$ cat work.cif   # mmCIF, C-alpha atoms
data_coords
loop_
_atom_site.label_atom_id
_atom_site.label_comp_id
_atom_site.auth_asym_id
_atom_site.auth_seq_id
_atom_site.Cartn_x
_atom_site.Cartn_y
_atom_site.Cartn_z
CA MET A 279 -73.05 61.56 37.64
CA THR A 280 -76.72 62.41 37.22
CA THR A 281 -78.66 61.30 34.17
CA SER A 282 -78.71 64.89 32.92
CA GLU A 283 -74.93 65.18 33.20
CA THR A 284 -74.46 61.88 31.38
CA ALA A 285 -76.77 63.12 28.62
CA ARG A 286 -74.99 66.48 28.38
CA SER A 287 -71.60 64.86 28.02
CA ALA A 288 -73.09 62.85 25.14
CA GLY A 289 -74.17 66.15 23.58
CA VAL A 290 -77.91 65.70 24.03
CA THR A 291 -80.56 67.03 26.38
CA GLN A 292 -84.13 66.33 27.42
CA GLN A 293 -87.12 68.69 27.55
CA VAL A 294 -90.45 68.06 29.26
CA SER A 295 -93.78 69.89 28.97
CA LYS A 296 -96.97 69.10 30.84
CA VAL A 297 -100.58 70.23 30.75
CA TRP A 298 -103.85 69.06 32.30
CA ILE A 299 -106.73 68.70 29.83
CA ASN A 300 -110.35 68.67 30.89
CA ALA A 301 -111.37 65.66 28.76
CA PRO A 302 -111.40 61.85 28.94
CA ILE A 303 -108.12 60.14 28.13
CA GLN A 304 -109.50 58.33 25.05
CA GLN A 305 -110.60 61.63 23.50
CA VAL A 306 -107.13 63.16 24.01
CA TRP A 307 -105.53 60.06 22.48
CA ASP A 308 -107.86 60.11 19.47
CA VAL A 309 -107.17 63.80 18.76
CA LEU A 310 -103.42 63.32 19.21
CA THR A 311 -103.14 60.38 16.83
CA LYS A 312 -105.60 61.52 14.16
CA GLU A 313 -104.35 60.97 10.62
CA GLY A 314 -105.25 62.80 7.42
CA GLU A 315 -106.56 65.90 9.18
CA VAL A 316 -105.02 69.33 9.86
CA LEU A 317 -103.67 69.30 13.43
CA PRO A 318 -103.27 72.85 14.81
CA PHE A 319 -101.19 71.60 17.79
CA PHE A 320 -98.68 70.10 15.33
CA PHE A 321 -98.30 73.51 13.69
CA GLY A 322 -101.12 72.88 11.24
CA SER A 323 -99.58 69.80 9.67
CA VAL A 324 -101.24 66.54 8.71
CA MET A 325 -99.96 63.30 10.21
CA GLU A 326 -99.48 60.25 8.01
CA THR A 327 -98.21 56.85 9.17
CA SER A 328 -97.73 53.42 7.66
CA GLY A 329 -99.73 52.09 10.64
CA LEU A 330 -100.05 53.12 14.30
CA LYS A 331 -97.63 50.46 15.52
CA PRO A 332 -93.96 50.11 16.42
CA GLY A 333 -91.71 50.03 13.38
CA ALA A 334 -94.12 52.05 11.23
CA GLN A 335 -93.02 55.28 9.56
CA LEU A 336 -94.49 58.67 10.46
CA ARG A 337 -94.65 61.92 8.48
CA MET A 338 -95.88 65.44 9.26
CA ARG A 339 -96.87 67.03 5.95
CA THR A 340 -98.39 70.36 4.92
CA PRO A 341 -102.19 70.20 4.32
CA ASN A 342 -101.71 70.12 0.51
CA GLY A 343 -99.22 67.28 0.94
CA LYS A 344 -96.46 69.05 -1.00
CA PHE A 345 -93.99 69.46 1.86
CA THR A 346 -92.93 67.26 4.76
CA GLY A 347 -91.56 69.04 7.82
CA VAL A 348 -90.99 66.11 10.17
CA VAL A 349 -90.19 62.44 9.63
CA GLY A 350 -89.86 59.62 12.13
CA GLU A 351 -90.38 56.01 13.08
CA ILE A 352 -92.91 54.83 15.67
CA LEU A 353 -91.19 53.12 18.62
CA GLU A 354 -94.08 52.55 21.05
CA CYS A 355 -97.84 52.74 20.70
CA GLU A 356 -99.95 51.81 23.74
CA PRO A 357 -103.39 53.41 23.34
CA PRO A 358 -104.47 55.52 25.17
CA TYR A 359 -101.41 55.90 27.42
CA ARG A 360 -98.17 56.14 25.53
CA PHE A 361 -96.93 57.07 22.07
CA THR A 362 -93.24 57.31 21.17
CA HIS A 363 -91.59 58.06 17.86
CA THR A 364 -88.31 59.34 16.51
CA PHE A 365 -88.48 62.90 15.27
CA LYS A 366 -86.36 64.57 12.63
CA PHE A 367 -86.80 67.96 10.97
CA THR A 368 -86.33 67.55 7.21
CA ASN A 369 -84.76 71.00 6.81
CA PHE A 370 -81.95 70.45 9.36
CA ASP A 371 -79.06 67.98 9.26
CA ASP A 372 -79.37 67.19 13.01
CA PRO A 373 -79.80 63.55 14.12
CA PRO A 374 -83.31 62.46 15.17
CA CYS A 375 -84.69 63.08 18.68
CA VAL A 376 -87.16 60.81 20.44
CA VAL A 377 -90.57 62.23 21.30
CA THR A 378 -92.80 60.55 23.90
CA TYR A 379 -96.39 61.43 24.74
CA GLU A 380 -97.62 60.15 28.11
CA LEU A 381 -101.31 60.33 28.99
CA LYS A 382 -102.65 59.69 32.48
CA GLU A 383 -106.10 59.98 34.04
CA VAL A 384 -105.86 62.68 36.73
CA ASP A 385 -108.62 64.61 38.58
CA GLY A 386 -111.38 63.57 36.15
CA GLY A 387 -109.35 64.73 33.16
CA THR A 388 -106.12 63.84 31.42
CA GLU A 389 -102.58 64.76 32.32
CA PHE A 390 -100.62 65.16 29.10
CA VAL A 391 -96.81 65.02 29.24
CA LEU A 392 -94.57 65.57 26.23
CA ILE A 393 -90.95 64.44 26.54
CA SER A 394 -88.38 65.35 23.91
CA GLY A 395 -85.33 63.19 24.49
CA ASN A 396 -82.01 62.83 22.74
CA VAL A 397 -82.24 66.46 21.59
CA PRO A 398 -78.84 67.47 20.12
CA LEU A 399 -77.41 70.37 22.18
CA GLY A 400 -76.77 73.74 20.57
CA THR A 401 -78.67 72.93 17.37
CA LYS A 402 -81.63 74.44 15.55
CA THR A 403 -83.49 71.27 16.49
CA GLU A 404 -82.95 72.04 20.21
CA LYS A 405 -84.35 75.55 19.78
CA ASN A 406 -87.36 74.35 17.82
CA MET A 407 -88.12 71.56 20.27
CA ALA A 408 -87.95 73.99 23.22
CA GLN A 409 -90.54 76.22 21.55
CA GLY A 410 -92.59 73.34 20.22
CA GLY A 411 -93.24 71.54 23.52
CA PRO A 412 -95.21 74.33 25.26
CA PHE A 413 -96.95 75.19 21.96
CA ILE A 414 -98.20 71.63 21.42
CA CYS A 415 -99.40 71.31 25.05
CA ASP A 416 -101.18 74.65 25.03
CA VAL A 417 -102.87 74.26 21.64
CA LEU A 418 -103.87 70.63 22.28
CA LYS A 419 -105.56 71.77 25.51
CA SER A 420 -107.42 74.67 23.80
CA VAL A 421 -108.46 72.58 20.79
CA ILE A 422 -109.92 69.83 22.97
CA GLU A 423 -111.51 72.10 25.60
CA THR A 424 -112.77 74.97 23.42
CA GLY A 425 -112.70 73.61 19.87
CA ARG A 426 -109.95 75.95 18.63
CA PRO A 427 -106.54 77.42 19.49
CA SER A 428 -106.29 80.64 21.54
CA PHE A 429 -106.14 83.98 19.70
CA GLY A 430 -102.36 84.40 19.93
CA LYS A 431 -101.77 80.86 18.68
CA ARG A 432 -104.19 81.37 15.76
CA MET A 433 -102.03 84.31 14.65
CA ILE A 434 -98.88 82.13 14.73
CA LEU A 435 -100.67 79.34 12.84
CA GLY A 436 -101.77 81.88 10.21
CA ILE A 437 -98.17 82.94 9.66
CA ILE A 438 -97.02 79.31 9.37
CA LYS A 439 -99.75 78.66 6.78
CA VAL A 440 -98.60 81.65 4.69
CA MET A 441 -94.97 80.52 4.89
CA GLY A 442 -95.79 76.94 3.80
CA PRO A 443 -95.19 77.39 0.04
CA PHE A 444 -91.74 78.89 0.81
CA SER A 445 -90.40 75.65 2.32
CA PRO A 446 -86.99 74.60 0.97
CA ALA A 447 -86.79 71.99 -1.78
CA ARG A 448 -85.29 69.39 0.59
CA CYS A 449 -88.65 69.30 2.41
CA ARG A 450 -90.61 68.27 -0.72
CA SER A 451 -92.74 65.22 0.06
CA GLU A 452 -91.50 63.12 -2.87
CA LYS A 453 -88.16 62.97 -1.04
CA TRP A 454 -89.87 61.51 2.05
CA PRO A 455 -92.19 58.66 0.97
CA LEU A 456 -93.84 56.56 3.68
CA ASP A 457 -92.30 53.34 2.37
CA ARG A 458 -88.73 54.52 2.88
CA ARG A 459 -87.27 53.90 6.33
CA VAL A 460 -85.79 57.10 7.78
CA ALA A 461 -84.80 58.37 11.23
CA PRO A 462 -84.22 55.02 12.96
CA ALA A 463 -83.98 55.14 16.77
CA PRO A 464 -80.67 56.44 18.11
CA SER A 465 -78.64 53.57 19.54
CA SER A 466 -79.01 53.45 23.35
CA LYS A 467 -75.82 54.40 25.11
CA MET B 296 -103.46 81.33 37.97
CA ASP B 297 -103.40 82.09 41.73
CA ALA B 298 -101.21 79.06 42.47
CA LEU B 299 -98.92 80.04 39.60
CA PHE B 300 -98.34 83.60 40.79
CA ALA B 301 -98.03 82.49 44.42
CA ALA B 302 -95.34 80.02 43.35
CA LEU B 303 -93.45 82.72 41.47
CA ALA B 304 -93.71 85.19 44.36
CA HIS B 305 -90.59 83.93 46.12
CA ARG B 306 -86.99 84.74 45.30
CA ASP B 307 -85.65 81.26 46.13
CA ARG B 308 -88.31 79.54 44.04
CA ARG B 309 -87.49 81.72 41.04
CA LYS B 310 -83.84 80.82 41.51
CA MET B 311 -84.81 77.14 41.64
CA LEU B 312 -86.62 77.52 38.31
CA ASP B 313 -83.48 79.11 36.82
CA LEU B 314 -81.40 76.17 38.05
CA ILE B 315 -83.81 73.49 36.85
CA GLN B 316 -84.11 75.13 33.46
CA THR B 317 -80.34 75.06 32.96
CA MET B 318 -79.96 71.51 34.34
CA PRO B 319 -82.88 69.53 32.87
CA GLY B 320 -83.24 66.19 34.67
CA CYS B 321 -81.42 67.34 37.82
CA SER B 322 -82.19 65.89 41.27
CA VAL B 323 -83.41 67.56 44.47
CA GLN B 324 -79.83 67.31 45.82
CA ASP B 325 -78.48 69.12 42.76
CA VAL B 326 -80.85 72.00 43.50
CA ALA B 327 -80.31 71.94 47.28
CA LYS B 328 -76.56 72.48 46.80
CA TYR B 329 -77.25 76.08 45.80
CA PHE B 330 -79.22 76.96 48.94
CA ASP B 331 -78.31 77.42 52.59
CA CYS B 332 -81.70 76.29 53.88
CA SER B 333 -82.52 72.69 54.81
CA ARG B 334 -83.30 69.98 52.27
CA ILE B 335 -86.84 69.81 53.71
CA MET B 336 -87.31 73.49 52.94
CA VAL B 337 -86.01 73.01 49.39
CA MET B 338 -88.44 70.12 48.93
CA LYS B 339 -91.29 72.29 50.20
CA HIS B 340 -90.44 74.96 47.67
CA LEU B 341 -90.19 72.37 44.91
CA ASP B 342 -93.57 71.05 45.95
CA VAL B 343 -95.12 74.52 45.55
CA LEU B 344 -93.53 74.76 42.10
CA SER B 345 -94.86 71.31 41.16
CA GLN B 346 -98.37 72.21 42.33
CA ALA B 347 -98.25 75.19 39.99
CA GLU B 348 -97.00 72.85 37.21
CA LEU B 349 -93.85 74.95 36.82
CA VAL B 350 -91.75 71.95 37.75
CA ILE B 351 -92.28 68.41 36.53
CA SER B 352 -90.93 65.67 38.75
CA ARG B 353 -90.43 62.35 36.95
CA LYS B 354 -89.49 59.05 38.50
CA VAL B 355 -86.72 57.31 36.57
CA GLY B 356 -85.83 54.04 38.26
CA ARG B 357 -85.01 54.99 41.87
CA ARG B 358 -84.19 58.58 41.02
CA ARG B 359 -86.38 61.64 40.71
CA GLU B 360 -85.61 63.97 37.84
CA LEU B 361 -86.75 67.58 37.76
CA PHE B 362 -87.71 69.52 34.65
CA PHE B 363 -88.88 73.08 34.04
CA ASN B 364 -92.31 73.29 32.39
CA ALA B 365 -92.73 76.38 30.22
CA VAL B 366 -96.46 75.85 29.59
CA PRO B 367 -97.80 77.96 32.54
CA ILE B 368 -95.41 80.82 31.67
CA GLN B 369 -96.59 80.60 28.06
CA ARG B 370 -100.14 80.98 29.30
CA ILE B 371 -99.32 84.21 31.20
CA TYR B 372 -97.54 85.52 28.12
CA ASP B 373 -100.39 84.69 25.75
CA ARG B 374 -102.96 86.27 28.03
CA TRP B 375 -101.40 89.72 28.15
CA THR B 376 -99.51 90.14 24.91
CA THR B 377 -100.57 90.44 21.29
CA GLU B 378 -98.50 90.06 18.11
CA TYR B 379 -97.89 93.83 18.16
CA SER B 380 -97.17 94.43 21.83
CA ARG B 381 -94.80 91.45 21.93
CA PHE B 382 -92.68 93.03 19.16
CA TRP B 383 -92.38 96.45 20.83
CA ALA B 384 -92.10 95.06 24.36
CA THR B 385 -89.17 92.91 23.21
CA LYS B 386 -87.46 95.95 21.70
CA ALA B 387 -87.97 97.94 24.93
CA LEU B 388 -86.66 95.05 27.01
CA ASP B 389 -83.59 94.66 24.77
CA LEU B 390 -82.81 98.36 25.24
CA LYS B 391 -83.22 98.11 29.01
CA LEU B 392 -80.95 95.05 29.19
CA ALA B 393 -78.31 96.63 26.95
CA ILE B 394 -78.16 99.70 29.20
CA GLU B 395 -78.23 97.76 32.44
CA SER B 396 -75.68 95.12 31.42
CA ARG B 397 -72.88 97.49 32.44
CA ASN B 398 -73.69 97.16 36.13
CA GLN B 399 -74.87 93.57 36.06
CA LYS B 400 -76.45 92.05 39.13
CA ASP B 401 -78.32 88.83 39.90
CA PRO B 402 -81.88 88.81 38.54
CA PRO B 403 -84.39 89.73 41.26
#

$ encode --input "work.cif" --output "structure tokens"
Amino acid sequence: MTTSETARSAGVTQQVSKVWINAPIQQVWDVLTKEGEVLPFFFGSVMETSGLKPGAQLRMRTPNGKFTGVVGEILECEPPYRFTHTFKFTNFDDPPCVVTYELKEVDGGTEFVLISGNVPLGTKTEKNMAQGGPFICDVLKSVIETGRPSFGKRMILGIIKVMGPFSPARCRSEKWPLDRRVAPAPSSK
Amino acid sequence: MDALFAALAHRDRRKMLDLIQTMPGCSVQDVAKYFDCSRIMVMKHLDVLSQAELVISRKVGRRRELFFNAVPIQRIYDRWTTEYSRFWATKALDLKLAIESRNQKDPP
């Protein structure tokens, strides 16, 4: 059985997105892991962690801090090459996935690979991850190379911003404090 | 963009993308099973797809796993559609597919 078949029989799948960015690897890493600032490639959310190190908690909150869309736990942090954390949408009941960012120096720039593993098949999480991967790669590239997202992506980000206040109550940030451990790594099978 | 369109301009390579998209993490052998041509030829096609970044080949232990990368397709889409055209184009495409589904054939 191939790895993909083994994964499918366990009810999970893996998605991979890749983009080449015309910038030094350290710059890509710094932009990717920036805290307390609106990150257009993460759908305009602000990242908060209890430390950029394994075992620390991670949150993706709206710019005003009222809502938290994604929660997770950092599993690996090897600047500027590799960053892994669990990833759970607060508005779905699906189990957490594992997101890995791999950075590599290629052709005078940086090859950026995003791997979403342990994605539960046939769930809203799967659909969102499939759309999110290419979005993150594309916007990260535009933001670093040109200073802002492309026109089409700016429209999408505008809509997300407008929809922010309509997030469900279960996404309210007081339910997802940084000092509470959530979304531990799925047990390896 | 040239490499991307050149990679897409072959029926077998498009079929390979379909296969890899439905079997994320599959191997070269998994893909080769669906084609009559030699394994070397399949690998050549996969190489063209990798050059265009449509396929990501990852080494996992001794195996090679293949994944479909949607980023280049996203770039084509973003370049020629706007929020408005994407809405109406989707409607037109839905209508076309609904009508054509009666005499369904393989995608070209």

$ residues_around --input "work.cif" --residues "Ala301 in chain B" --least-positions-apart "5" --cutoff "10 Å" --atoms "all atoms listed in the file" --output "tab-separated table (two decimals) with C-alpha atoms, keeping the file's coordinate frame"
chain	number	residue	atom	x	y	z
B	296	MET	CA	-103.46	81.33	37.97
B	343	VAL	CA	-95.12	74.52	45.55
B	344	LEU	CA	-93.53	74.76	42.10
B	347	ALA	CA	-98.25	75.19	39.99

$ closest_atom_pairs --input "work.cif" --of "chain A" --to "chain B" --cutoff "9 Å" --atoms "only C-alpha atoms" --output "Markdown table"
| residue | atom | partner | partner_atom | distance |
| --- | --- | --- | --- | --- |
| A:Thr280 | CA | B:Cys321 | CA | 6.8 |
| A:Thr281 | CA | B:Gly320 | CA | 6.7 |
| A:Ser282 | CA | B:Gly320 | CA | 5.0 |
| A:Glu283 | CA | B:Met318 | CA | 8.2 |
| A:Thr291 | CA | B:Pro319 | CA | 7.3 |
| A:Gln292 | CA | B:Pro319 | CA | 6.4 |
| A:Gln293 | CA | B:Pro319 | CA | 6.9 |
| A:Val294 | CA | B:Phe362 | CA | 6.2 |
| A:Ser295 | CA | B:Asn364 | CA | 5.0 |
| A:Lys296 | CA | B:Asn364 | CA | 6.5 |
| A:Val297 | CA | B:Val366 | CA | 7.1 |
| A:Ala408 | CA | B:Ala365 | CA | 8.8 |
| A:Gln409 | CA | B:Ala365 | CA | 8.9 |
| A:Gly411 | CA | B:Val366 | CA | 8.1 |
| A:Pro412 | CA | B:Val366 | CA | 4.8 |
| A:Phe413 | CA | B:Val366 | CA | 7.7 |
| A:Cys415 | CA | B:Val366 | CA | 7.1 |
| A:Asp416 | CA | B:Val366 | CA | 6.7 |
| A:Ser428 | CA | B:Asp373 | CA | 8.3 |
| A:Phe429 | CA | B:Asp373 | CA | 8.4 |
| A:Gly430 | CA | B:Asp373 | CA | 6.2 |
| A:Lys431 | CA | B:Asp373 | CA | 8.2 |
| A:Met433 | CA | B:Glu378 | CA | 7.6 |
| A:Ile434 | CA | B:Glu378 | CA | 8.6 |

$ resolve_selection --input "work.cif" --expression "the PyMOL selection byres ((chain A and resi 391) around 7)" --output "short mmCIF file (atom, residue, chain, number, x, y, z; two decimals) with C-alpha atoms, keeping the file's coordinate frame"
data_model
loop_
_atom_site.label_atom_id
_atom_site.label_comp_id
_atom_site.auth_asym_id
_atom_site.auth_seq_id
_atom_site.Cartn_x
_atom_site.Cartn_y
_atom_site.Cartn_z
CA SER A 295 -93.78 69.89 28.97
CA LYS A 296 -96.97 69.10 30.84
CA VAL A 297 -100.58 70.23 30.75
CA TYR A 379 -96.39 61.43 24.74
CA GLU A 380 -97.62 60.15 28.11
CA LEU A 381 -101.31 60.33 28.99
CA GLU A 389 -102.58 64.76 32.32
CA PHE A 390 -100.62 65.16 29.10
CA LEU A 392 -94.57 65.57 26.23
CA ILE A 393 -90.95 64.44 26.54
#

$ residues_around --input "work.cif" --residues "Lys402 in chain A" --least-positions-apart "6" --cutoff "12 Å" --atoms "all atoms listed in the file" --output "ChimeraX atom specification"
/A:366-373,408-410

$ residues_near_point --input "work.cif" --point "(-84.8, 73.7, 49.2)" --cutoff "12 Å" --atoms "all atoms listed in the file" --output "PDB file with C-alpha atoms, keeping the file's coordinate frame"
ATOM      1  CA  ARG B 306     -86.990  84.740  45.300  1.00  0.00           C
ATOM      2  CA  ASP B 307     -85.650  81.260  46.130  1.00  0.00           C
ATOM      3  CA  ARG B 308     -88.310  79.540  44.040  1.00  0.00           C
ATOM      4  CA  ARG B 309     -87.490  81.720  41.040  1.00  0.00           C
ATOM      5  CA  LYS B 310     -83.840  80.820  41.510  1.00  0.00           C
ATOM      6  CA  MET B 311     -84.810  77.140  41.640  1.00  0.00           C
ATOM      7  CA  LEU B 312     -86.620  77.520  38.310  1.00  0.00           C
ATOM      8  CA  LEU B 314     -81.400  76.170  38.050  1.00  0.00           C
ATOM      9  CA  SER B 322     -82.190  65.890  41.270  1.00  0.00           C
ATOM     10  CA  VAL B 323     -83.410  67.560  44.470  1.00  0.00           C
ATOM     11  CA  GLN B 324     -79.830  67.310  45.820  1.00  0.00           C
ATOM     12  CA  ASP B 325     -78.480  69.120  42.760  1.00  0.00           C
ATOM     13  CA  VAL B 326     -80.850  72.000  43.500  1.00  0.00           C
ATOM     14  CA  ALA B 327     -80.310  71.940  47.280  1.00  0.00           C
ATOM     15  CA  LYS B 328     -76.560  72.480  46.800  1.00  0.00           C
ATOM     16  CA  TYR B 329     -77.250  76.080  45.800  1.00  0.00           C
ATOM     17  CA  PHE B 330     -79.220  76.960  48.940  1.00  0.00           C
ATOM     18  CA  ASP B 331     -78.310  77.420  52.590  1.00  0.00           C
ATOM     19  CA  CYS B 332     -81.700  76.290  53.880  1.00  0.00           C
ATOM     20  CA  SER B 333     -82.520  72.690  54.810  1.00  0.00           C
ATOM     21  CA  ARG B 334     -83.300  69.980  52.270  1.00  0.00           C
ATOM     22  CA  ILE B 335     -86.840  69.810  53.710  1.00  0.00           C
ATOM     23  CA  MET B 336     -87.310  73.490  52.940  1.00  0.00           C
ATOM     24  CA  VAL B 337     -86.010  73.010  49.390  1.00  0.00           C
ATOM     25  CA  MET B 338     -88.440  70.120  48.930  1.00  0.00           C
ATOM     26  CA  LYS B 339     -91.290  72.290  50.200  1.00  0.00           C
ATOM     27  CA  HIS B 340     -90.440  74.960  47.670  1.00  0.00           C
ATOM     28  CA  LEU B 341     -90.190  72.370  44.910  1.00  0.00           C
ATOM     29  CA  ASP B 342     -93.570  71.050  45.950  1.00  0.00           C
ATOM     30  CA  VAL B 343     -95.120  74.520  45.550  1.00  0.00           C
ATOM     31  CA  LEU B 344     -93.530  74.760  42.100  1.00  0.00           C
TER      32      LEU B 344
END

$ residues_around --input "work.cif" --residues "range 301-309 of chain A" --least-positions-apart "2" --cutoff "10 Å" --atoms "all atoms listed in the file" --output "PyMOL selection string"
chain A and resi 298-299+311-313+315+317+319+357-361+379-384+386-390+418-419+421-423

$ atom_distance --input "work.cif" --atom1 "CA of Met407 in chain A" --atom2 "CA of Phe444 in chain A"
21.1 Å

$ resolve_selection --input "work.cif" --expression "the PyMOL selection byres ((chain A and resi 450) around 12)" --output "VMD selection string"
chain A and resid 337 to 340 342 to 349 368 to 369 442 to 449 451 to 455

$ atom_distance --input "work.cif" --atom1 "CA of Met441 in chain A" --atom2 "CA of Pro427 in chain A"
18.9 Å

$ closest_residue --input "work.cif" --among "A:Ile437, A:Val377, A:Leu399, A:Ala334" --to "Arg458 in chain A" --atoms "all atoms listed in the file"
A:Ala334

$ residues_around --input "work.cif" --residues "range 461-463 of chain A" --least-positions-apart "4" --cutoff "8 Å" --atoms "all atoms listed in the file" --output "list in words"
Val349, Gly350, Glu351, Leu353, Thr364, Phe365, Lys366, Pro373, Pro374 and Val376 of chain A

$ atom_distance --input "work.cif" --atom1 "CA of Thr362 in chain A" --atom2 "CA of Pro464 in chain A"
13.0 Å

$ build_atoms --input "work.cif" --residues "range 379-399 of chain A" --atoms "N, CA and C atoms" --output "compact mmCIF listing (two decimals), in the coordinates of the input"
# COMPACT_ATOMS: atom_id res chain seq x y z
N TYR A 379 -95.19 60.84 24.18
CA TYR A 379 -96.39 61.43 24.74
C TYR A 379 -96.91 60.48 25.80
N GLU A 380 -97.08 60.98 27.03
CA GLU A 380 -97.62 60.15 28.11
C GLU A 380 -98.96 60.73 28.54
N LEU A 381 -99.98 59.90 28.56
CA LEU A 381 -101.31 60.33 28.99
C LEU A 381 -101.69 59.56 30.25
N LYS A 382 -102.29 60.31 31.21
CA LYS A 382 -102.65 59.69 32.48
C LYS A 382 -103.97 60.29 32.95
N GLU A 383 -104.84 59.45 33.52
CA GLU A 383 -106.10 59.98 34.04
C GLU A 383 -105.85 60.63 35.39
N VAL A 384 -106.09 61.94 35.49
CA VAL A 384 -105.86 62.68 36.73
C VAL A 384 -107.01 63.66 36.96
N ASP A 385 -107.57 63.66 38.17
CA ASP A 385 -108.62 64.61 38.58
C ASP A 385 -109.78 64.68 37.58
N GLY A 386 -110.24 63.57 37.07
CA GLY A 386 -111.38 63.57 36.15
C GLY A 386 -111.04 64.06 34.76
N GLY A 387 -109.77 64.31 34.50
CA GLY A 387 -109.35 64.73 33.16
C GLY A 387 -108.13 63.94 32.75
N THR A 388 -107.31 64.54 31.91
CA THR A 388 -106.12 63.84 31.42
C THR A 388 -104.88 64.69 31.61
N GLU A 389 -103.87 64.08 32.20
CA GLU A 389 -102.58 64.76 32.32
C GLU A 389 -101.77 64.37 31.08
N PHE A 390 -101.33 65.39 30.36
CA PHE A 390 -100.62 65.16 29.10
C PHE A 390 -99.17 65.61 29.27
N VAL A 391 -98.24 64.69 29.09
CA VAL A 391 -96.81 65.02 29.24
C VAL A 391 -96.11 64.74 27.91
N LEU A 392 -95.33 65.72 27.47
CA LEU A 392 -94.57 65.57 26.23
C LEU A 392 -93.09 65.57 26.59
N ILE A 393 -92.38 64.53 26.23
CA ILE A 393 -90.95 64.44 26.54
C ILE A 393 -90.17 64.41 25.23
N SER A 394 -89.27 65.38 25.08
CA SER A 394 -88.38 65.35 23.91
C SER A 394 -87.02 64.92 24.41
N GLY A 395 -86.62 63.72 24.05
CA GLY A 395 -85.33 63.19 24.49
C GLY A 395 -84.34 63.13 23.35
N ASN A 396 -83.06 62.96 23.73
CA ASN A 396 -82.01 62.83 22.74
C ASN A 396 -81.91 64.05 21.82
N VAL A 397 -82.25 65.23 22.38
CA VAL A 397 -82.24 66.46 21.59
C VAL A 397 -80.79 66.95 21.48
N PRO A 398 -80.24 67.05 20.26
CA PRO A 398 -78.84 67.47 20.12
C PRO A 398 -78.61 68.90 20.60
N LEU A 399 -77.68 69.07 21.55
CA LEU A 399 -77.41 70.37 22.18
C LEU A 399 -76.87 71.39 21.18
